[in-house]
>>> print(open('query.cif').read())   # mmCIF, C-alpha atoms
data_data
loop_
_atom_site.label_atom_id
_atom_site.label_comp_id
_atom_site.auth_asym_id
_atom_site.auth_seq_id
_atom_site.Cartn_x
_atom_site.Cartn_y
_atom_site.Cartn_z
CA MET A 1 -65.24 33.77 76.50
CA SER A 2 -65.94 30.70 74.39
CA PRO A 3 -65.22 27.30 75.95
CA LEU A 4 -61.97 25.48 75.36
CA ARG A 5 -62.14 22.78 72.70
CA ILE A 6 -59.33 20.39 73.53
CA ALA A 7 -58.31 17.70 71.06
CA TYR A 8 -56.43 15.14 73.13
CA VAL A 9 -54.08 13.24 70.83
CA ILE A 10 -52.78 9.83 71.85
CA ASN A 11 -50.66 7.27 70.02
CA SER A 12 -53.04 4.34 70.49
CA LEU A 13 -55.83 2.80 72.52
CA GLU A 14 -53.68 -0.07 73.71
CA GLY A 15 -54.65 -1.20 77.18
CA GLY A 16 -52.26 -1.01 80.09
CA GLY A 17 -50.24 1.92 78.79
CA ALA A 18 -50.58 5.66 78.47
CA ALA A 19 -54.28 5.36 77.59
CA SER A 20 -55.17 4.00 81.05
CA PRO A 21 -55.47 7.35 82.89
CA VAL A 22 -57.13 9.10 79.92
CA PRO A 23 -60.74 8.88 81.21
CA ALA A 24 -59.79 10.51 84.52
CA ILE A 25 -57.64 13.19 82.87
CA LEU A 26 -60.23 14.11 80.27
CA SER A 27 -62.99 14.18 82.88
CA LEU A 28 -60.96 16.70 84.88
CA LEU A 29 -60.62 18.86 81.77
CA ARG A 30 -64.27 18.43 80.83
CA ASP A 31 -65.82 19.01 84.28
CA PRO A 32 -65.08 22.77 84.38
CA GLY A 33 -66.60 23.17 80.90
CA ALA A 34 -64.02 22.27 78.27
CA ASP A 35 -65.27 20.40 75.23
CA VAL A 36 -62.90 17.45 74.85
CA ARG A 37 -62.41 14.93 72.07
CA LEU A 38 -59.94 12.05 71.96
CA LEU A 39 -58.05 11.49 68.71
CA ALA A 40 -56.20 8.16 68.60
CA LEU A 41 -53.55 7.78 65.92
CA THR A 42 -54.07 4.00 65.84
CA ARG A 43 -56.24 1.46 67.61
CA ARG A 44 -53.72 -1.32 68.42
CA ASN A 45 -55.49 -3.80 70.72
CA GLY A 46 -58.20 -1.29 71.74
CA LYS A 47 -58.31 -2.52 75.35
CA ALA A 48 -58.41 1.07 76.66
CA LEU A 49 -61.53 1.90 74.63
CA PRO A 50 -64.24 0.44 76.94
CA ALA A 51 -63.23 2.68 79.87
CA ILE A 52 -63.02 5.69 77.56
CA GLU A 53 -66.47 4.98 76.12
CA GLU A 54 -67.89 4.38 79.62
CA ALA A 55 -66.64 7.84 80.61
CA GLY A 56 -68.59 9.30 77.67
CA ILE A 57 -65.52 10.64 75.90
CA GLU A 58 -66.06 11.26 72.19
CA THR A 59 -63.35 9.39 70.33
CA ARG A 60 -62.06 9.26 66.77
CA ILE A 61 -59.70 6.45 65.78
CA ARG A 62 -57.49 6.74 62.71
CA PRO A 63 -57.43 3.74 60.45
CA GLY A 64 -53.78 3.34 59.62
CA GLY A 65 -50.42 2.23 60.84
CA GLU A 66 -47.67 3.55 63.01
CA LYS A 67 -45.21 4.57 60.30
CA ASP A 68 -47.42 6.57 57.90
CA HIS A 69 -46.69 9.93 59.53
CA GLY A 70 -47.74 12.10 56.58
CA ALA A 71 -51.17 10.45 56.42
CA ALA A 72 -51.46 10.73 60.20
CA VAL A 73 -50.73 14.48 60.10
CA ARG A 74 -53.37 14.99 57.40
CA TRP A 75 -55.93 12.97 59.39
CA LEU A 76 -55.13 14.81 62.61
CA LEU A 77 -55.29 18.19 60.89
CA ASP A 78 -58.68 17.31 59.38
CA LYS A 79 -60.12 16.05 62.70
CA ALA A 80 -58.78 18.96 64.78
CA ARG A 81 -60.06 21.49 62.24
CA ALA A 82 -63.50 19.83 61.98
CA PHE A 83 -63.76 19.78 65.79
CA GLY A 84 -62.78 23.45 65.99
CA ALA A 85 -59.99 22.67 68.43
CA THR A 86 -58.64 25.63 70.38
CA HIS A 87 -55.88 23.51 71.96
CA LEU A 88 -54.11 20.22 71.32
CA TRP A 89 -53.02 18.06 74.24
CA THR A 90 -50.58 15.32 73.28
CA SER A 91 -49.42 12.12 74.90
CA LEU A 92 -46.27 10.16 73.98
CA THR A 93 -43.66 10.91 71.34
CA ARG A 94 -45.47 10.31 68.04
CA ALA A 95 -48.62 12.13 69.15
CA THR A 96 -46.49 15.00 70.46
CA LEU A 97 -44.42 15.44 67.31
CA LEU A 98 -47.40 15.18 64.96
CA GLY A 99 -49.54 17.33 67.27
CA GLN A 100 -46.89 20.05 67.26
CA VAL A 101 -46.99 20.15 63.46
CA VAL A 102 -50.79 20.36 63.44
CA GLY A 103 -50.86 22.94 66.23
CA ALA A 104 -48.48 25.17 64.27
CA ARG A 105 -50.56 24.82 61.10
CA LEU A 106 -53.79 25.69 62.94
CA GLY A 107 -52.16 28.40 65.05
CA ILE A 108 -53.28 26.81 68.32
CA PRO A 109 -51.25 25.97 71.46
CA VAL A 110 -50.03 22.47 72.18
CA VAL A 111 -49.76 21.02 75.67
CA SER A 112 -47.59 17.91 75.85
CA TRP A 113 -47.56 15.19 78.50
CA GLN A 114 -44.19 13.82 79.42
CA HIS A 115 -44.92 10.72 81.44
CA ASN A 116 -42.06 8.44 80.70
CA ALA A 117 -38.68 8.42 82.41
CA PHE A 118 -37.29 6.27 79.58
CA LEU A 119 -37.07 7.61 76.05
CA LYS A 120 -35.54 5.83 73.10
CA PRO A 121 -32.46 7.79 71.96
CA TRP A 122 -34.04 9.05 68.71
CA ASN A 123 -37.28 10.00 70.48
CA GLU A 124 -35.27 11.99 73.00
CA ARG A 125 -33.40 13.81 70.21
CA LEU A 126 -36.59 14.60 68.30
CA LEU A 127 -38.43 15.83 71.39
CA ARG A 128 -35.46 17.99 72.42
CA TRP A 129 -35.29 19.46 68.90
CA ARG A 130 -39.05 20.20 68.90
CA ALA A 131 -39.46 21.09 72.61
CA GLY A 132 -40.17 24.74 71.83
CA ALA A 133 -43.17 23.81 69.68
CA SER A 134 -45.24 22.96 72.78
CA ALA A 135 -46.51 25.93 74.75
CA LEU A 136 -46.63 23.90 77.95
CA TRP A 137 -45.23 20.57 79.11
CA VAL A 138 -46.86 18.50 81.85
CA ALA A 139 -44.84 15.93 83.78
CA ASP A 140 -46.56 13.20 85.78
CA SER A 141 -43.96 13.22 88.56
CA ARG A 142 -41.15 15.34 89.97
CA GLN A 143 -38.62 12.84 88.58
CA VAL A 144 -40.05 13.10 85.06
CA ALA A 145 -40.13 16.90 85.38
CA ASP A 146 -36.44 16.96 86.33
CA LEU A 147 -35.57 14.65 83.43
CA THR A 148 -37.64 16.76 81.02
CA VAL A 149 -35.72 19.90 81.97
CA ALA A 150 -32.35 18.12 81.80
CA ARG A 151 -32.79 15.94 78.72
CA LEU A 152 -35.30 17.84 76.59
CA GLN A 153 -34.10 21.27 77.72
CA VAL A 154 -37.65 22.45 78.42
CA PRO A 155 -37.44 25.68 80.45
CA PRO A 156 -38.84 25.15 83.97
CA GLU A 157 -41.30 28.02 83.48
CA ARG A 158 -42.96 26.06 80.64
CA LEU A 159 -43.28 22.87 82.70
CA ILE A 160 -45.75 21.90 85.39
CA THR A 161 -45.99 18.71 87.41
CA TRP A 162 -49.36 16.98 87.65
CA PRO A 163 -49.09 13.63 89.45
CA ILE A 164 -51.92 11.63 87.90
CA PHE A 165 -51.33 8.22 89.42
CA PHE A 166 -52.90 7.03 92.63
CA ALA A 167 -53.10 3.82 94.61
CA ASP A 168 -55.73 2.32 96.85
#
>>> encode(input="query.cif", output="structure tokens")
Amino acid sequence: MSPLRIAYVINSLEGGGAASPVPAILSLLRDPGADVRLLALTRRNGKALPAIEEAGIETRIRPGGEKDHGAAVRWLLDKARAFGATHLWTSLTRATLLGQVVGARLGIPVVSWQHNAFLKPWNERLLRWRAGASALWVADSRQVADLTVARLQVPPERLITWPIFFAD
């Protein structure tokens, strides 16, 4: 069996947000043998990048904005195809929606993180409408899992809970 080639798609490399746990998550995927590459849809302040680079995670950053969705899909499709991705793993709404489009075009499964108890109303509607386009959803807590089932109507059998946060 050939190794998994996971393209992990994230909205941005802004520090203090969803990018913070990325080095630990990708290391856990990489340690058993998966080939992992991070694809960031935009840089923003880039404060998450030093920890990602220190972890040795290969990263591609798209030059572009946050509203040019067509260009972002083309970029993501090109990078995922060039990498030979067997799976897409998405984080946050924009990365999830664009990743679902690319996953469908490449015929590969999409795994989507849901790690936010608050969703803007339009993001909630879009994610609910597209929920079936992700093969698996991962919630970072029991509360987020419950909200994902209730609000996004993700069937419980397509949802797992992986608590990624820890405290000293």
>>> atom_distance(input="query.cif", atom1="CA of Trp122 (chain A)", atom2="CA of Val154 (chain A)")
16.9 Å
>>> atom_distance(input="query.cif", atom1="CA of Ala55 (chain A)", atom2="CA of Leu88 (chain A)")
19.9 Å
>>> residues_around(input="query.cif", residues="Glu54 (chain A)", least_positions_apart="3", cutoff="12 Å", atoms="only C-alpha atoms", output="list of chain:residue names")
A:Val22, A:Pro23, A:Ala24, A:Ser27, A:Ala48, A:Leu49, A:Pro50, A:Ala51, A:Ile57, A:Glu58, A:Thr59
>>> resolve_selection(input="query.cif", expression="the PyMOL selection byres ((chain A and resi 77) around 10)", output="PyMOL selection string")
chain A and resi 71-76+78-83+85+98-99+101-103+105-106
>>> atom_distance(input="query.cif", atom1="CA of Ala95 (chain A)", atom2="CA of Ser2 (chain A)")
25.9 Å
>>> resolve_selection(input="query.cif", expression="the PyMOL selection byres ((chain A and resi 147) around 12)", output="PyMOL selection string")
chain A and resi 114-119+124+128+139-146+148-156+159+161
>>> resolve_selection(input="query.cif", expression="the PyMOL selection byres ((chain A and resi 132) around 12)", output="list in words")
Thr96, Leu97, Gln100, Val101, Ala104, Pro109, Val110, Val111, Ser112, Leu126, Leu127, Arg128, Trp129, Arg130, Ala131, Ala133, Ser134, Ala135, Leu136, Trp137, Leu152, Gln153, Val154, Pro155, Arg158 and Leu159 of chain A
>>> closest_residue(input="query.cif", among="A:Glu53, A:Ala34, A:Leu39, A:Arg60", to="Thr86 (chain A)", atoms="all atoms listed in the file")
A:Ala34
>>> closest_residue(input="query.cif", among="A:Leu41, A:Ile10, A:Ile160, A:Ile52", to="Leu92 (chain A)", atoms="only C-alpha atoms")
A:Ile10
>>> closest_residue(input="query.cif", among="A:Ile108, A:Val138, A:Ile61, A:Ile164", to="Leu13 (chain A)", atoms="all atoms listed in the file")
A:Ile61
>>> closest_residue(input="query.cif", among="A:Thr90, A:Thr42, A:Leu28, A:Asp68", to="Tyr8 (chain A)", atoms="all atoms listed in the file")
A:Thr90
